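Next comes start20.cif, a file with mmCIF, C-alpha atoms.
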```cif
data_start
#
loop_
_atom_site.label_atom_id
_atom_site.label_comp_id
_atom_site.auth_asym_id
_atom_site.auth_seq_id
_atom_site.Cartn_x
_atom_site.Cartn_y
_atom_site.Cartn_z
CA LYS A 1 0.00 0.00 0.00
CA TRP A 2 2.77 2.47 0.85
CA GLU A 3 5.32 1.06 -1.56
CA LYS A 4 5.70 4.35 -3.47
CA ALA A 5 6.42 6.37 -0.33
CA VAL A 6 8.95 3.85 0.97
CA ALA A 7 10.63 3.47 -2.43
CA ALA A 8 10.93 7.28 -2.61
CA PHE A 9 12.83 7.28 0.71
CA GLU A 10 15.14 4.56 -0.62
CA GLU A 11 15.85 6.55 -3.80
CA ALA A 12 16.53 9.73 -1.81
CA ASP A 13 18.87 7.79 0.51
CA LYS A 14 20.90 6.56 -2.48
CA THR A 15 21.42 10.12 -3.68
CA SER A 16 22.19 11.56 -0.28
CA PRO A 17 22.60 8.96 2.48
CA PRO A 18 21.29 10.24 5.83
CA PRO A 19 23.55 10.03 8.88
CA LYS A 20 23.42 6.95 11.07
CA GLY A 21 22.51 7.44 14.70
CA ALA A 22 19.96 10.22 14.18
CA VAL A 23 16.82 10.68 16.26
CA LEU A 24 14.25 9.15 13.92
CA PHE A 25 10.67 10.41 13.67
CA VAL A 26 8.29 7.89 12.10
CA GLY A 27 4.54 7.70 11.65
CA SER A 28 1.69 9.43 9.89
CA SER A 29 1.09 12.84 8.29
CA THR A 30 1.74 14.67 11.58
CA ILE A 31 5.36 13.54 11.11
CA VAL A 32 5.39 14.12 7.32
CA ARG A 33 4.31 17.74 7.76
CA TRP A 34 6.77 18.43 10.61
CA LYS A 35 9.12 20.54 8.48
CA THR A 36 10.80 22.33 11.40
CA LEU A 37 12.38 19.30 13.11
CA ALA A 38 15.93 20.58 12.60
CA THR A 39 15.20 24.03 14.02
CA ASP A 40 12.90 22.72 16.77
CA PHE A 41 15.70 20.57 18.17
CA PRO A 42 18.97 22.44 17.52
CA GLY A 43 22.10 20.40 18.04
CA VAL A 44 20.16 17.14 17.54
CA THR A 45 20.49 15.20 14.29
CA THR A 46 16.92 14.36 13.28
CA LEU A 47 15.52 12.29 10.44
CA ASN A 48 11.90 12.39 9.24
CA ARG A 49 10.47 9.18 7.79
CA GLY A 50 6.73 9.71 8.11
CA PHE A 51 4.22 8.99 5.36
CA GLY A 52 0.60 10.15 5.14
CA GLY A 53 -2.10 7.67 6.05
CA ASN A 54 0.35 5.55 8.04
CA GLN A 55 -1.05 3.18 10.65
CA ILE A 56 1.24 1.75 13.34
CA LYS A 57 1.33 -1.63 11.58
CA ASP A 58 2.72 0.07 8.44
CA SER A 59 5.82 1.32 10.28
CA THR A 60 6.33 -2.21 11.61
CA HIS A 61 5.84 -3.77 8.17
CA TYR A 62 8.36 -1.45 6.48
CA ALA A 63 10.86 -1.29 9.37
CA GLU A 64 13.56 -3.21 7.47
CA ARG A 65 13.49 -0.51 4.80
CA MET A 66 12.55 2.73 6.56
CA ILE A 67 13.94 2.33 10.10
CA PHE A 68 16.65 -0.33 10.39
CA PRO A 69 19.07 1.10 7.76
CA TYR A 70 19.42 4.34 9.72
CA GLU A 71 20.53 2.72 12.98
CA PRO A 72 18.75 5.47 14.94
CA SER A 73 19.84 6.53 18.41
CA MET A 74 16.17 7.02 19.36
CA ILE A 75 12.74 6.66 17.75
CA PHE A 76 9.72 8.93 18.10
CA LEU A 77 6.53 7.28 16.84
CA ARG A 78 3.38 9.25 16.10
CA ALA A 79 0.60 7.11 14.65
CA GLY A 80 -2.65 5.57 15.79
CA GLY A 81 -5.12 8.24 14.72
CA ASN A 82 -5.53 6.82 11.21
CA ASP A 83 -5.93 3.35 12.72
CA ILE A 84 -8.82 4.53 14.91
CA SER A 85 -10.30 6.54 12.03
CA ALA A 86 -10.26 3.33 9.94
CA GLY A 87 -12.42 1.65 12.59
CA TRP A 88 -9.83 -0.25 14.64
CA PRO A 89 -10.61 -0.24 18.38
CA ALA A 90 -7.96 1.12 20.75
CA ALA A 91 -7.20 -2.36 22.11
CA ASP A 92 -6.24 -3.62 18.61
CA VAL A 93 -4.13 -0.54 17.87
CA PHE A 94 -2.36 -1.05 21.21
CA GLU A 95 -1.48 -4.61 20.13
CA ASP A 96 0.01 -3.14 16.95
CA TYR A 97 2.06 -0.72 19.08
CA LYS A 98 3.43 -3.62 21.14
CA LYS A 99 4.39 -5.45 17.94
CA PHE A 100 6.21 -2.33 16.74
CA VAL A 101 8.16 -2.12 20.00
CA ALA A 102 8.98 -5.86 19.88
CA LYS A 103 10.34 -5.54 16.34
CA MET A 104 12.50 -2.53 17.30
CA ARG A 105 13.76 -4.29 20.43
CA ALA A 106 14.74 -7.40 18.43
CA LYS A 107 16.97 -5.25 16.19
CA PHE A 108 18.05 -2.48 18.60
CA PRO A 109 17.72 -3.87 22.16
CA GLY A 110 18.59 -0.70 24.05
CA ILE A 111 17.06 1.99 21.85
CA PRO A 112 14.74 4.50 23.56
CA ILE A 113 11.31 4.69 21.93
CA ALA A 114 8.94 7.57 22.63
CA TYR A 115 5.29 7.49 21.60
CA LEU A 116 3.86 10.93 20.82
CA GLY A 117 0.34 10.56 22.19
CA LEU A 118 -2.72 11.44 20.14
CA CYS A 119 -4.21 14.88 20.63
CA PRO A 120 -7.80 15.96 19.99
CA THR A 121 -8.55 17.53 16.60
CA ILE A 122 -11.63 19.31 15.36
CA LYS A 123 -12.06 17.02 12.35
CA ARG A 124 -11.88 13.80 14.41
CA TRP A 125 -13.55 15.09 17.56
CA GLU A 126 -15.89 12.09 17.73
CA GLN A 127 -12.83 9.81 17.97
CA VAL A 128 -11.27 11.54 20.98
CA ALA A 129 -12.56 8.99 23.52
CA GLU A 130 -11.05 6.07 21.58
CA GLY A 131 -7.81 8.03 21.11
CA ASN A 132 -7.64 8.66 24.86
CA LYS A 133 -8.15 4.93 25.47
CA LEU A 134 -5.18 4.19 23.22
CA ASN A 135 -3.11 6.89 24.96
CA ALA A 136 -3.91 5.36 28.37
CA LEU A 137 -2.99 1.82 27.27
CA ILE A 138 0.34 2.96 25.81
CA ALA A 139 1.12 5.24 28.79
CA ALA A 140 0.62 2.34 31.23
CA TYR A 141 2.74 0.01 29.09
CA CYS A 142 5.57 2.57 28.91
CA LYS A 143 5.61 2.88 32.71
CA GLU A 144 6.16 -0.86 33.03
CA ASN A 145 8.86 -1.21 30.35
CA ALA A 146 12.32 0.32 30.47
CA GLY A 147 13.34 2.47 27.53
CA LEU A 148 9.76 3.36 26.53
CA SER A 149 8.27 6.83 27.00
CA TYR A 150 4.79 8.19 26.50
CA VAL A 151 4.64 11.87 25.55
CA ASP A 152 1.29 13.20 26.74
CA CYS A 153 -0.33 15.40 24.08
CA SER A 154 -3.93 14.66 25.11
CA LYS A 155 -4.63 18.22 26.32
CA MET A 156 -2.12 20.04 24.15
CA THR A 157 -4.68 21.26 21.59
CA LEU A 158 -7.48 22.09 24.06
CA ASP A 159 -8.58 25.42 25.51
CA ALA A 160 -9.67 26.06 29.11
CA GLU A 161 -13.12 24.65 28.32
CA GLY A 162 -11.73 21.42 26.88
CA LYS A 163 -12.43 22.27 23.22
CA PRO A 164 -9.81 22.12 20.42
CA ARG A 165 -8.23 25.48 19.57
CA PRO A 166 -8.78 26.21 15.84
CA GLU A 167 -5.55 28.25 15.56
CA LEU A 168 -3.52 25.10 16.25
CA PHE A 169 -4.75 23.52 12.99
CA VAL A 170 -4.54 24.24 9.27
CA SER A 171 -7.74 24.60 7.25
CA ASP A 172 -8.51 20.84 7.23
CA MET A 173 -8.88 21.05 11.05
CA LEU A 174 -6.89 17.83 11.35
CA HIS A 175 -3.23 18.70 10.81
CA HIS A 176 -1.19 21.10 12.93
CA SER A 177 -0.50 24.72 12.10
CA PRO A 178 2.98 26.14 12.89
CA GLU A 179 1.59 27.07 16.33
CA GLY A 180 0.50 23.46 16.83
CA TYR A 181 3.95 22.18 15.90
CA LYS A 182 5.56 24.55 18.43
CA LEU A 183 3.50 22.86 21.15
CA LEU A 184 4.35 19.38 19.83
CA ALA A 185 8.06 20.25 19.85
CA GLU A 186 7.78 21.51 23.43
CA ALA A 187 6.11 18.25 24.46
CA ALA A 188 8.78 16.12 22.76
CA ARG A 189 11.85 18.10 23.83
CA PRO A 190 12.25 16.67 27.37
CA TYR A 191 12.38 13.13 25.94
CA LEU A 192 15.33 13.71 23.59
CA PRO A 193 18.53 11.81 24.41
CA LYS A 194 20.57 13.66 27.02
CA LYS A 195 23.93 14.81 25.74
#
```
Mind turning this structure into structure tokens?
Amino acid sequence: KWEKAVAAFEEADKTSPPPKGAVLFVGSSTIVRWKTLATDFPGVTTLNRGFGGNQIKDSTHYAERMIFPYEPSMIFLRAGGNDISAGWPAADVFEDYKKFVAKMRAKFPGIPIAYLGLCPTIKRWEQVAEGNKLNALIAAYCKENAGLSYVDCSKMTLDAEGKPRPELFVSDMLHHSPEGYKLLAEAARPYLPKK
């Protein structure tokens, strides 16, 4: 399904091989559209390998091609929203997350993995409860397993009344605006590898 996107990464890597040992960001369109990674985390070598529409199982499926070759020093995963939007219950998506972690651990036993939790959006407001269920399952799992972190973004996009803030989204009311990405970067920053 995502063959074109993954093949495009492989072609780009042939032309200009990315550095090994970067902090790797993988997942769905939230990652794809995160164009300010380098400036958001100065002094940190980052690599963006997101593709739109990605479900957690897709990153697991393509890991040999879009994760393993880079030998990352850390992985940030942001996916799960498309899974829920496609009708998968949180419990099933959580199983997919555990499979992702298991595959990473088999290849890179000590690598830190941070899950960027889902945050409420205007477009998918009716899916917030299921997203919060997924967040809670992953957060609990991270507490019990060394090297895993859960980055809580569940209230990041909400105002004082618990409603999503329109200025944090672009016109589709699903993807982050530059203001939204500033908040996402702030949430992720404490989890970066310590120098």
Practice task
Could you state which residues are captured by the PyMOL selection byres ((chain A and resi 34) around 9) in this file, as number ranges by chain?
Solution key: A: 29-33, 35-37, 48, 176, 178, 181
Could you list the residues chosen by the PyMOL selection byres ((chain A and resi 98) around 12) in this structure as a PDB file with C-alpha atoms, in the coordinates of the input?
```pdb
ATOM      1  CA  ILE A  56       1.240   1.750  13.340  1.00  0.00           C
ATOM      2  CA  LYS A  57       1.330  -1.630  11.580  1.00  0.00           C
ATOM      3  CA  THR A  60       6.330  -2.210  11.610  1.00  0.00           C
ATOM      4  CA  ALA A  91      -7.200  -2.360  22.110  1.00  0.00           C
ATOM      5  CA  ASP A  92      -6.240  -3.620  18.610  1.00  0.00           C
ATOM      6  CA  VAL A  93      -4.130  -0.540  17.870  1.00  0.00           C
ATOM      7  CA  PHE A  94      -2.360  -1.050  21.210  1.00  0.00           C
ATOM      8  CA  GLU A  95      -1.480  -4.610  20.130  1.00  0.00           C
ATOM      9  CA  ASP A  96       0.010  -3.140  16.950  1.00  0.00           C
ATOM     10  CA  TYR A  97       2.060  -0.720  19.080  1.00  0.00           C
ATOM     11  CA  LYS A  99       4.390  -5.450  17.940  1.00  0.00           C
ATOM     12  CA  PHE A 100       6.210  -2.330  16.740  1.00  0.00           C
ATOM     13  CA  VAL A 101       8.160  -2.120  20.000  1.00  0.00           C
ATOM     14  CA  ALA A 102       8.980  -5.860  19.880  1.00  0.00           C
ATOM     15  CA  LYS A 103      10.340  -5.540  16.340  1.00  0.00           C
ATOM     16  CA  MET A 104      12.500  -2.530  17.300  1.00  0.00           C
ATOM     17  CA  ARG A 105      13.760  -4.290  20.430  1.00  0.00           C
ATOM     18  CA  ILE A 113      11.310   4.690  21.930  1.00  0.00           C
ATOM     19  CA  TYR A 115       5.290   7.490  21.600  1.00  0.00           C
ATOM     20  CA  LEU A 134      -5.180   4.190  23.220  1.00  0.00           C
ATOM     21  CA  LEU A 137      -2.990   1.820  27.270  1.00  0.00           C
ATOM     22  CA  ILE A 138       0.340   2.960  25.810  1.00  0.00           C
ATOM     23  CA  ALA A 139       1.120   5.240  28.790  1.00  0.00           C
ATOM     24  CA  TYR A 141       2.740   0.010  29.090  1.00  0.00           C
ATOM     25  CA  CYS A 142       5.570   2.570  28.910  1.00  0.00           C
ATOM     26  CA  ASN A 145       8.860  -1.210  30.350  1.00  0.00           C
ATOM     27  CA  LEU A 148       9.760   3.360  26.530  1.00  0.00           C
TER      28      LEU A 148
END
```
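Near region 8-25 of chain A, within 7 Å and counting only C-alpha atoms, sit Ile31, Thr45, Thr46, Leu47, Asn48, Arg49, Gly50, Tyr70, Glu71, Pro72, Ser73, Met74, Ile75, Phe76 and Leu77 of chain A, not including residues fewer than 5 positions from it in the same chain.
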Problem - Minimum-distance residue to Lys182 (chain A), chosen among A:Met156, A:Ile67, A:Leu116, A:Val170 (using only C-alpha atoms) - result: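 The shortest atom-to-atom distance to Lys182 (chain A) comes from A:Met156.
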Problem - Nearest to Gly81 (chain A), chosen from A:Gly27, A:Pro42, A:Pro109, A:Pro69, with all atoms listed in the file counted in the distances - result: A:Gly27
Practice task
Any chance you could resolve the PyMOL selection byres ((chain A and resi 121-132) around 12) against this file and give the residues as a PyMOL selection string?
Solution key: chain A and resi 30+79-94+117-120+133-139+152-159+162-177+180
Practice task
Would you please work out which residue, of A:Asp58, A:Glu161, A:Glu64, A:Asp40, is nearest to Lys107 (chain A) when using all atoms listed in the file?
Solution key: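 Comparing A:Asp58, A:Glu161, A:Glu64, A:Asp40 against Lys107 (chain A), the winner is A:Glu64.
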Exercise for the section: Find the distance between CA of Glu3 (chain A) and CA of Ala114 (chain A) and write it in Å to one decimal. Expected result: 25.3 Å
Practice task
Figure out the distance between CA of Pro112 (chain A) and CA of Gly147 (chain A), please, to one decimal in Å.
Solution key: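 So the answer is 4.7 Å.
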Problem - Selected residue, from A:Ile111, A:Val44, A:Ala106, A:Ala5, that lies nearest to Tyr62 (chain A) when counting all atoms listed in the file - result: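 Once distances to Tyr62 (chain A) are computed over all atoms listed in the file, the minimum belongs to A:Ala5.
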Exercise for the section: Have a look at CA of Ser28 (chain A) and CA of Arg78 (chain A) and let me know their distance in Å, one decimal. Expected result: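 Between CA of Ser28 (chain A) and CA of Arg78 (chain A) the gap is 6.4 Å.
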Would you give the centre and edge lengths, in Å to one decimal, of a box along x, y and z around the listed atoms of region 88-99 of chain A, with 3 Å added to each side, as AutoDock Vina command-line options?
```
--center_x -3.1 --center_y -2.2 --center_z 18.4 --size_x 21.0 --size_y 12.6 --size_z 13.5
```
Exercise for the section: Using all atoms listed in the file, find the one residue out of A:Lys194, A:Met66, A:Ala146, A:Trp2 that sits nearest to Gly43 (chain A). Expected result: A:Lys194
Problem - Closest of A:Ala187, A:Val6, A:Ala38, A:Tyr150 to His61 (chain A) - atom-to-atom distances counting only C-alpha atoms - result: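 For His61 (chain A), the nearest of the given residues is A:Val6.
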Can you patch up region 21-32 of chain A, filling it in to all heavy atoms, and show the result as a compact mmCIF listing (two decimals), in the coordinates of the input?
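Full text of result.txt as output:
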```txt
# COMPACT_ATOMS: atom_id res chain seq x y z
N GLY A 21 22.55 6.98 13.32
CA GLY A 21 22.51 7.44 14.70
C GLY A 21 21.66 8.68 14.96
O GLY A 21 21.75 9.28 16.02
N ALA A 22 20.83 9.06 13.99
CA ALA A 22 19.96 10.22 14.18
C ALA A 22 18.79 9.86 15.10
O ALA A 22 18.51 8.69 15.34
CB ALA A 22 19.44 10.71 12.83
N VAL A 23 18.09 10.88 15.57
CA VAL A 23 16.82 10.68 16.26
C VAL A 23 15.78 10.59 15.15
O VAL A 23 15.58 11.54 14.39
CB VAL A 23 16.50 11.84 17.23
CG1 VAL A 23 15.11 11.68 17.82
CG2 VAL A 23 17.55 11.89 18.34
N LEU A 24 15.14 9.45 15.05
CA LEU A 24 14.25 9.15 13.92
C LEU A 24 12.80 9.39 14.30
O LEU A 24 12.32 8.89 15.32
CB LEU A 24 14.45 7.69 13.49
CG LEU A 24 13.62 7.17 12.33
CD1 LEU A 24 13.96 7.88 11.03
CD2 LEU A 24 13.81 5.66 12.17
N PHE A 25 12.10 10.17 13.49
CA PHE A 25 10.67 10.41 13.67
C PHE A 25 9.92 9.63 12.61
O PHE A 25 10.15 9.83 11.41
CB PHE A 25 10.37 11.91 13.54
CG PHE A 25 10.81 12.72 14.72
CD1 PHE A 25 12.16 13.01 14.92
CD2 PHE A 25 9.90 13.18 15.65
CE1 PHE A 25 12.58 13.76 16.02
CE2 PHE A 25 10.30 13.93 16.76
CZ PHE A 25 11.65 14.22 16.94
N VAL A 26 9.06 8.70 13.04
CA VAL A 26 8.29 7.89 12.10
C VAL A 26 6.80 8.00 12.43
O VAL A 26 6.42 8.31 13.56
CB VAL A 26 8.72 6.39 12.11
CG1 VAL A 26 10.12 6.21 11.62
CG2 VAL A 26 8.53 5.76 13.49
N GLY A 27 5.97 7.69 11.42
CA GLY A 27 4.54 7.70 11.65
C GLY A 27 3.78 8.34 10.52
O GLY A 27 4.20 8.30 9.37
N SER A 28 2.66 8.98 10.88
CA SER A 28 1.69 9.43 9.89
C SER A 28 1.95 10.87 9.46
O SER A 28 3.02 11.41 9.64
CB SER A 28 0.29 9.28 10.49
OG SER A 28 0.21 10.05 11.68
N SER A 29 0.91 11.52 8.90
CA SER A 29 1.09 12.84 8.29
C SER A 29 1.52 13.91 9.29
O SER A 29 2.11 14.90 8.90
CB SER A 29 -0.19 13.27 7.57
OG SER A 29 -1.30 13.11 8.42
N THR A 30 1.24 13.72 10.58
CA THR A 30 1.74 14.67 11.58
C THR A 30 3.27 14.73 11.50
O THR A 30 3.86 15.80 11.62
CB THR A 30 1.31 14.26 13.01
OG1 THR A 30 -0.11 14.27 13.06
CG2 THR A 30 1.87 15.19 14.07
N ILE A 31 3.90 13.59 11.27
CA ILE A 31 5.36 13.54 11.11
C ILE A 31 5.75 14.09 9.74
O ILE A 31 6.67 14.91 9.63
CB ILE A 31 5.89 12.10 11.30
CG1 ILE A 31 5.55 11.57 12.71
CG2 ILE A 31 7.39 12.02 11.03
CD1 ILE A 31 6.21 12.30 13.86
N VAL A 32 5.06 13.66 8.69
CA VAL A 32 5.39 14.12 7.32
C VAL A 32 5.44 15.64 7.26
O VAL A 32 6.37 16.22 6.69
CB VAL A 32 4.31 13.64 6.30
CG1 VAL A 32 4.65 14.12 4.90
CG2 VAL A 32 4.18 12.13 6.31
```
